[in-house]
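Student: One file is attached below, coords25.cif, containing mmCIF, C-alpha atoms and all ligand atoms.
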```
data_model
#
loop_
_atom_site.label_atom_id
_atom_site.label_comp_id
_atom_site.auth_asym_id
_atom_site.auth_seq_id
_atom_site.Cartn_x
_atom_site.Cartn_y
_atom_site.Cartn_z
CA MET B 504 -108.93 21.46 67.58
CA ILE B 505 -109.20 18.19 65.70
CA ALA B 506 -109.65 15.15 67.95
CA LEU B 507 -109.52 11.52 66.87
CA ASP B 508 -110.29 8.92 69.54
CA ASP B 509 -109.67 5.22 68.94
CA VAL B 510 -110.48 5.63 65.27
CA VAL B 511 -110.51 2.53 63.10
CA VAL B 512 -111.50 2.51 59.42
CA THR B 513 -112.38 -0.77 57.78
CA ALA B 514 -113.72 -1.63 54.32
CA TRP B 515 -115.19 -4.62 52.58
CA THR B 516 -112.95 -5.97 49.82
CA PRO B 517 -113.40 -8.89 47.44
CA ASP B 518 -111.63 -12.12 48.33
CA PRO B 519 -108.93 -12.66 45.65
CA HIS B 520 -109.75 -16.38 45.74
CA GLY B 521 -113.40 -15.79 44.86
CA GLY B 522 -114.83 -16.36 48.36
CA ALA B 523 -117.01 -14.01 50.36
CA GLU B 524 -115.98 -10.35 50.74
CA GLN B 525 -113.63 -9.70 53.61
CA VAL B 526 -113.30 -6.83 56.05
CA VAL B 527 -109.88 -5.20 55.92
CA ARG B 528 -108.53 -2.56 58.26
CA LEU B 529 -107.38 0.52 56.32
CA LEU B 530 -106.40 2.65 59.31
CA GLY B 531 -106.09 2.62 63.05
CA PRO B 532 -106.57 2.52 65.87
CA VAL B 533 -105.59 6.20 65.88
CA THR B 534 -105.92 8.67 68.75
CA LEU B 535 -104.69 12.18 68.04
CA ARG B 536 -105.17 15.82 69.00
CA LEU B 537 -104.23 18.19 66.19
CA GLY B 538 -104.00 21.82 67.22
CA GLU B 539 -100.87 23.00 65.39
CA ARG B 540 -101.32 25.46 62.53
CA ARG B 541 -99.33 23.37 60.06
CA VAL B 542 -99.58 19.60 60.21
CA ALA B 543 -98.06 17.43 57.47
CA VAL B 544 -98.84 13.77 56.83
CA VAL B 545 -96.26 11.65 55.01
CA GLY B 546 -96.12 7.97 54.12
CA ALA B 547 -95.76 5.53 51.26
CA ASN B 548 -98.40 5.00 48.57
CA GLY B 549 -101.32 3.10 50.02
CA SER B 550 -100.24 3.64 53.64
CA GLY B 551 -103.51 5.32 54.67
CA LYS B 552 -102.77 9.07 54.41
CA SER B 553 -105.82 9.94 52.30
CA THR B 554 -108.02 7.83 54.55
CA LEU B 555 -106.74 9.82 57.53
CA ALA B 556 -107.23 13.14 55.70
CA ARG B 557 -110.75 12.24 54.58
CA LEU B 558 -111.76 11.43 58.15
CA LEU B 559 -111.17 15.07 59.05
CA ASN B 560 -114.16 16.42 57.16
CA GLY B 561 -116.35 13.34 57.24
CA LEU B 562 -115.68 12.19 53.69
CA VAL B 563 -114.69 8.92 55.36
CA LEU B 564 -116.45 8.00 58.59
CA PRO B 565 -114.81 5.91 61.28
CA SER B 566 -115.98 2.31 61.51
CA SER B 567 -115.39 2.73 65.24
CA GLY B 568 -114.18 5.61 67.39
CA THR B 569 -114.90 9.30 66.89
CA VAL B 570 -113.53 12.25 64.94
CA ARG B 571 -114.42 15.71 66.23
CA VAL B 572 -113.59 19.16 64.89
CA ASP B 573 -114.07 21.89 67.46
CA GLY B 574 -116.38 19.48 69.28
CA LEU B 575 -118.47 18.64 66.19
CA ASP B 576 -118.68 14.93 65.47
CA THR B 577 -118.09 14.11 61.78
CA ALA B 578 -120.55 11.20 62.03
CA THR B 579 -123.47 13.27 63.33
CA ASP B 580 -122.62 16.88 62.36
CA GLY B 581 -121.27 16.27 58.83
CA PRO B 582 -122.60 19.42 57.11
CA ALA B 583 -121.39 21.68 59.97
CA VAL B 584 -117.98 19.98 59.91
CA ARG B 585 -117.71 20.46 56.15
CA ARG B 586 -118.52 24.17 56.48
CA ARG B 587 -115.55 24.38 58.84
CA VAL B 588 -113.13 22.04 57.09
CA GLY B 589 -112.30 22.67 53.43
CA PHE B 590 -110.84 19.75 51.49
CA VAL B 591 -108.59 19.97 48.42
CA PHE B 592 -108.34 16.72 46.48
CA THR B 593 -105.30 15.44 44.60
CA ASP B 594 -107.48 15.25 41.50
CA PRO B 595 -109.09 18.65 40.94
CA ASN B 596 -111.67 17.07 38.61
CA ALA B 597 -113.16 15.50 41.74
CA GLN B 598 -114.29 18.89 42.96
CA ILE B 599 -114.75 21.25 40.01
CA VAL B 600 -118.46 21.16 39.29
CA MET B 601 -119.23 24.23 37.18
CA PRO B 602 -118.52 24.87 33.48
CA THR B 603 -116.18 27.85 33.97
CA PRO B 604 -113.70 28.91 36.69
CA LEU B 605 -115.72 32.03 37.43
CA GLU B 606 -118.91 30.04 38.00
CA ASP B 607 -117.08 27.43 40.06
CA VAL B 608 -115.60 29.96 42.49
CA ALA B 609 -118.87 31.92 42.52
CA LEU B 610 -120.66 28.76 43.66
CA SER B 611 -118.36 28.60 46.68
CA LEU B 612 -119.19 32.23 47.47
CA ARG B 613 -122.98 31.92 47.38
CA ARG B 614 -123.37 32.00 51.17
CA ARG B 615 -121.14 35.00 51.76
CA HIS B 616 -122.27 36.98 48.69
CA PRO B 617 -125.97 36.45 48.04
CA ASP B 618 -125.93 39.30 45.46
CA ALA B 619 -124.74 38.24 42.01
CA ALA B 620 -122.60 41.33 41.28
CA GLY B 621 -120.70 41.13 44.58
CA ARG B 622 -120.24 37.41 44.10
CA GLU B 623 -118.73 37.89 40.64
CA ARG B 624 -116.35 40.59 41.88
CA ALA B 625 -115.20 38.36 44.75
CA ALA B 626 -114.83 35.36 42.43
CA ARG B 627 -112.68 37.35 39.98
CA ALA B 628 -110.50 38.56 42.87
CA ALA B 629 -110.07 34.97 44.11
CA LEU B 630 -109.05 33.84 40.62
CA ARG B 631 -106.58 36.73 40.33
CA ARG B 632 -104.86 35.58 43.53
CA PHE B 633 -104.05 32.32 41.70
CA GLY B 634 -103.07 33.87 38.37
CA LEU B 635 -106.28 32.62 36.75
CA ASP B 636 -107.97 35.95 36.02
CA ASP B 637 -107.52 35.60 32.25
CA ARG B 638 -108.98 32.07 32.41
CA ALA B 639 -112.09 33.08 34.35
CA ASP B 640 -114.57 32.56 31.52
CA VAL B 641 -113.04 29.69 29.52
CA PRO B 642 -114.50 26.16 29.77
CA VAL B 643 -112.79 24.28 32.62
CA HIS B 644 -111.85 21.44 30.24
CA ALA B 645 -109.62 23.97 28.43
CA LEU B 646 -107.53 24.53 31.58
CA SER B 647 -104.25 22.71 32.09
CA GLY B 648 -104.07 20.14 34.92
CA GLY B 649 -102.11 22.61 37.03
CA GLN B 650 -104.58 25.40 36.37
CA ARG B 651 -107.42 23.08 37.44
CA GLN B 652 -105.60 22.31 40.66
CA LEU B 653 -105.21 26.04 41.34
CA LEU B 654 -108.90 26.55 40.58
CA ALA B 655 -109.88 23.81 43.03
CA LEU B 656 -107.76 25.45 45.73
CA ALA B 657 -109.18 28.91 44.94
CA ALA B 658 -112.74 27.60 45.17
CA VAL B 659 -112.18 25.90 48.52
CA LEU B 660 -110.40 28.91 50.03
CA ALA B 661 -113.25 31.14 48.84
CA THR B 662 -115.49 29.39 51.38
CA GLU B 663 -113.14 30.68 54.14
CA PRO B 664 -112.83 27.38 56.01
CA ASP B 665 -111.36 27.34 59.54
CA VAL B 666 -109.29 24.29 58.62
CA LEU B 667 -107.91 23.36 55.22
CA VAL B 668 -107.09 19.72 54.48
CA CYS B 669 -105.02 19.30 51.32
CA ASP B 670 -104.35 15.88 49.84
CA GLU B 671 -101.23 16.36 47.70
CA PRO B 672 -102.38 19.73 46.32
CA THR B 673 -99.24 20.50 44.30
CA THR B 674 -98.78 17.20 42.46
CA LEU B 675 -99.76 18.64 39.06
CA LEU B 676 -98.04 21.98 39.43
CA ASP B 677 -94.81 23.16 37.86
CA LEU B 678 -92.04 24.45 40.10
CA ARG B 679 -93.17 28.08 39.97
CA TRP B 680 -96.77 27.33 40.92
CA ARG B 681 -95.74 24.73 43.48
CA ARG B 682 -93.71 27.41 45.24
CA THR B 683 -96.58 29.87 44.93
CA VAL B 684 -99.04 27.41 46.43
CA ASP B 685 -96.57 26.34 49.15
CA ASP B 686 -96.06 30.01 50.08
CA LEU B 687 -99.77 30.68 49.98
CA LEU B 688 -100.56 27.71 52.23
CA ALA B 689 -97.74 28.76 54.58
CA GLY B 690 -99.24 32.25 54.85
CA LEU B 691 -102.83 31.23 55.60
CA ASP B 692 -104.31 32.07 58.98
CA GLN B 693 -106.22 28.77 59.00
CA GLN B 694 -104.99 25.47 60.33
CA VAL B 695 -103.66 23.43 57.38
CA VAL B 696 -103.33 19.65 57.31
CA LEU B 697 -101.21 18.75 54.30
CA VAL B 698 -100.81 15.23 52.92
CA THR B 699 -97.66 15.31 50.87
CA HIS B 700 -94.87 13.35 49.23
CA ASP B 701 -92.82 16.58 49.16
CA LEU B 702 -90.49 16.17 52.13
CA ASP B 703 -89.29 19.78 51.91
CA ALA B 704 -92.90 20.90 52.38
CA ALA B 705 -93.26 18.45 55.28
CA ARG B 706 -90.15 19.87 56.96
CA ARG B 707 -91.78 23.31 56.99
CA ALA B 708 -94.74 22.03 59.06
CA ASP B 709 -95.02 22.43 62.84
CA ARG B 710 -95.74 18.73 63.26
CA VAL B 711 -95.45 15.71 60.99
CA LEU B 712 -97.34 12.42 61.17
CA VAL B 713 -95.78 9.39 59.50
CA VAL B 714 -98.35 6.83 58.33
CA HIS B 715 -97.26 3.28 57.61
CA GLU B 716 -99.48 0.30 56.88
CA GLY B 717 -102.53 2.01 58.37
CA GLN B 718 -100.84 3.19 61.56
CA VAL B 719 -99.44 6.53 62.67
CA VAL B 720 -95.97 5.20 63.45
CA HIS B 721 -94.26 8.51 64.20
CA ASP B 722 -95.63 11.86 65.27
CA GLY B 723 -93.66 14.94 66.15
CA ASP B 724 -90.91 17.29 65.14
CA PRO B 725 -90.66 17.57 61.31
CA HIS B 726 -86.96 16.76 61.03
CA ASP B 727 -87.21 13.65 63.23
CA ALA B 728 -90.39 12.53 61.50
CA VAL B 729 -88.97 12.94 57.99
CA ALA B 730 -85.82 11.07 59.06
CA HIS B 731 -88.05 8.30 60.46
CA TYR B 732 -89.95 8.11 57.16
CA GLU B 733 -86.73 8.05 55.12
CA ALA B 734 -85.43 5.21 57.33
CA LEU B 735 -88.68 3.29 56.77
CA MET B 736 -88.33 3.77 53.03
CA SER B 737 -84.72 2.63 52.99
CA GLU B 738 -85.71 -0.51 54.97
CA ALA B 739 -88.24 -1.09 52.16
CA GLY B 740 -85.38 -0.90 49.65
CA VAL B 741 -85.96 2.65 48.38
CA PRO B 742 -82.55 4.23 47.63
N1 LIG R 801 -113.09 2.17 50.15
C1 LIG R 801 -112.04 1.36 50.14
N2 LIG R 801 -112.21 0.01 50.03
C2 LIG R 801 -111.17 -0.83 50.05
N3 LIG R 801 -109.88 -0.44 50.16
C3 LIG R 801 -109.65 0.89 50.25
C4 LIG R 801 -110.70 1.84 50.25
N4 LIG R 801 -110.16 3.08 50.36
C5 LIG R 801 -108.83 2.90 50.42
N5 LIG R 801 -108.52 1.60 50.35
C6 LIG R 801 -107.18 1.01 50.44
O1 LIG R 801 -106.61 1.46 51.66
C7 LIG R 801 -105.22 1.69 51.51
C8 LIG R 801 -104.89 3.12 51.93
O2 LIG R 801 -105.43 4.00 50.96
P1 LIG R 801 -105.13 5.56 51.01
O3 LIG R 801 -105.78 6.19 49.81
O4 LIG R 801 -105.52 6.09 52.34
O5 LIG R 801 -103.55 5.58 50.87
P2 LIG R 801 -102.53 6.82 50.65
O6 LIG R 801 -101.50 6.69 51.71
O7 LIG R 801 -103.27 8.09 50.58
O8 LIG R 801 -101.89 6.46 49.25
P3 LIG R 801 -101.32 7.40 48.04
O9 LIG R 801 -100.06 8.04 48.52
O10 LIG R 801 -101.07 6.40 46.97
O11 LIG R 801 -102.40 8.39 47.67
C9 LIG R 801 -104.89 1.39 50.06
O12 LIG R 801 -104.39 0.08 49.98
C10 LIG R 801 -106.23 1.51 49.36
O13 LIG R 801 -106.29 0.66 48.21
#
```
As structure tokens, what does this structure read like?
Tutor:
Amino acid sequence: MIALDDVVVTAWTPDPHGGAEQVVRLLGPVTLRLGERRVAVVGANGSGKSTLARLLNGLVLPSSGTVRVDGLDTATDGPAVRRRVGFVFTDPNAQIVMPTPLEDVALSLRRRHPDAAGRERAARAALRRFGLDDRADVPVHALSGGQRQLLALAAVLATEPDVLVCDEPTTLLDLRWRRTVDDLLAGLDQQVVLVTHDLDAARRADRVLVVHEGQVVHDGDPHDAVAHYEALMSEAGVP
């Protein structure tokens, strides 16, 4: 169970008029209990979705309030939370750290497979699941953007997290791989929190949060939530 209580996130930003830095509120206050297997988060650019997602594994810490995952506080139990909560970034370059796909996935497997041969076998199997087996040993800079995104997802799933938080994980993928990743995420046993601009993907969730100007303004049934978001967008002049 993910529990947010009275969470507010603020940040210092420069004053556009050259004065002292100012504190701005990016998100909150937010109080939520997230227990559903598939939770989607939708909202306009800059509304606060990534900030909300990053709170869930302690990448962003609340300025006030608490975020707990299965009772672990992200502010005080960060490493334990991150072992439980895998995070897939929009930009795969933010999380690929090794020179080749095989080495990158193998790094994620080091806890579960201390022996090198077992680790390599498991890493190759993980890459195969994402159609990357023939790319296992090429330099990561030679992968396409979509292949890098698949690699990032493969590496995070290899750590077998209890919860997977994905921040727009299919943005760089073509239609075939988007469907593959959507199906794969849908079939996972883990809880998945998906930040997405893909409203069809949001409609397949069990619960949808609509974020607007740093607030969760709607929370509930996917069809109602998506309709609420579309109404918000049309008020903003989006056709
Ligand atoms: N560390 C920070 N300091 C100052 N402002 C920030 C910081 N992080 C985020 N912001 C601002 O907070 C707002 C919300 O950002 P966030 O990344 O959560 O939005 P988002 O809904 O995920 O947007 P997008 O759909 O474009 O990815 C934006 O205006 C962003 O510029």
Student: Tell me which protein, DNA and RNA residues are within 12 Å of Arg681 of chain B, counting all atoms listed in the file, leaving out same-chain ones fewer than 3 positions away, and put them as a PyMOL selection string.
Tutor: chain B and resi 633+649-650+652-653+671-678+684-689+701+703-704
Student: Skipping near chain neighbours, those fewer than 5 positions away, what residues fall within 12 Å of segment 593-600 of chain B using all atoms listed in the file, listed as a PyMOL selection string?
Tutor: chain B and resi 552-553+556-557+605-611+642-644+646-659+668-676+697-700
Student: For ligand LIG 801 (chain R), list the contacting residues at 10 Å or closer, counting all atoms listed in the file, as a VMD selection string.
Tutor: chain B and resid 512 to 517 525 to 530 544 to 557 563 593 670 to 671 698 to 700 714 to 717
Student: Hey, could you pull the box centre and edge lengths for segment 569-582 of chain B, axis-aligned, 5 Å padding per side, all listed atoms, to one decimal in Å, as AutoDock Vina command-line options?
Tutor:
```
--center_x -118.5 --center_y 15.6 --center_z 63.2 --size_x 19.9 --size_y 22.6 --size_z 22.2
```
Student: Rounded to one decimal place, report the atom CA of Thr662 of chain B-atom CA of Gly581 of chain B distance in Å.
Tutor: 16.2 Å
Student: Which of these residues is nearest to Val666 of chain B, using only C-alpha atoms: B:Arg679, B:His520, B:Arg586, B:Arg627?
Tutor: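 Checking each candidate against Val666 of chain B, we get B:Arg586 as the closest.
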Student: One decimal, Å: what's the distance from atom CA of Asn560 of chain B over to atom CA of Pro582 of chain B, could you say?
Tutor: 9.0 Å
Student: Within 10 Å of (-91.5, 2.0, 61.6) (coordinates as in the file), grab all the protein and nucleic acid residues, counting only C-alpha atoms, and write them out as a list in words.
Tutor: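 Every polymer residue passing the test: Val713, Val714, His715, Glu716, Gln718, Val719, Val720, His721, His731, Tyr732, Ala734, Leu735, Met736 and Glu738 of chain B.
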Student: In Å, rounded to a single decimal, give me how far atom CA of Glu733 of chain B is from atom CA of Trp680 of chain B.
Tutor: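 We find that atom CA of Trp680 of chain B and atom CA of Glu733 of chain B lie 26.0 Å from each other.
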Student: Quick one: everything within 7 Å of Asp724 of chain B, counting all atoms listed in the file, minus sequence neighbours fewer than 4 positions away in the same chain. Send it as a VMD selection string.
Tutor: chain B and resid 709 to 711 728
Student: Skipping near chain neighbours, those fewer than 6 positions away, what residues fall within 12 Å of Asp576 of chain B using only C-alpha atoms, listed as a list in words?
Tutor: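 Counting only the stated atoms, we get Met504, Ile505, Ala506, Leu507, Asp508, Leu558, Leu559, Asn560, Gly561, Leu564, Pro565, Gly568, Thr569, Val570, Pro582, Ala583, Val584, Arg585 and Arg587 of chain B.
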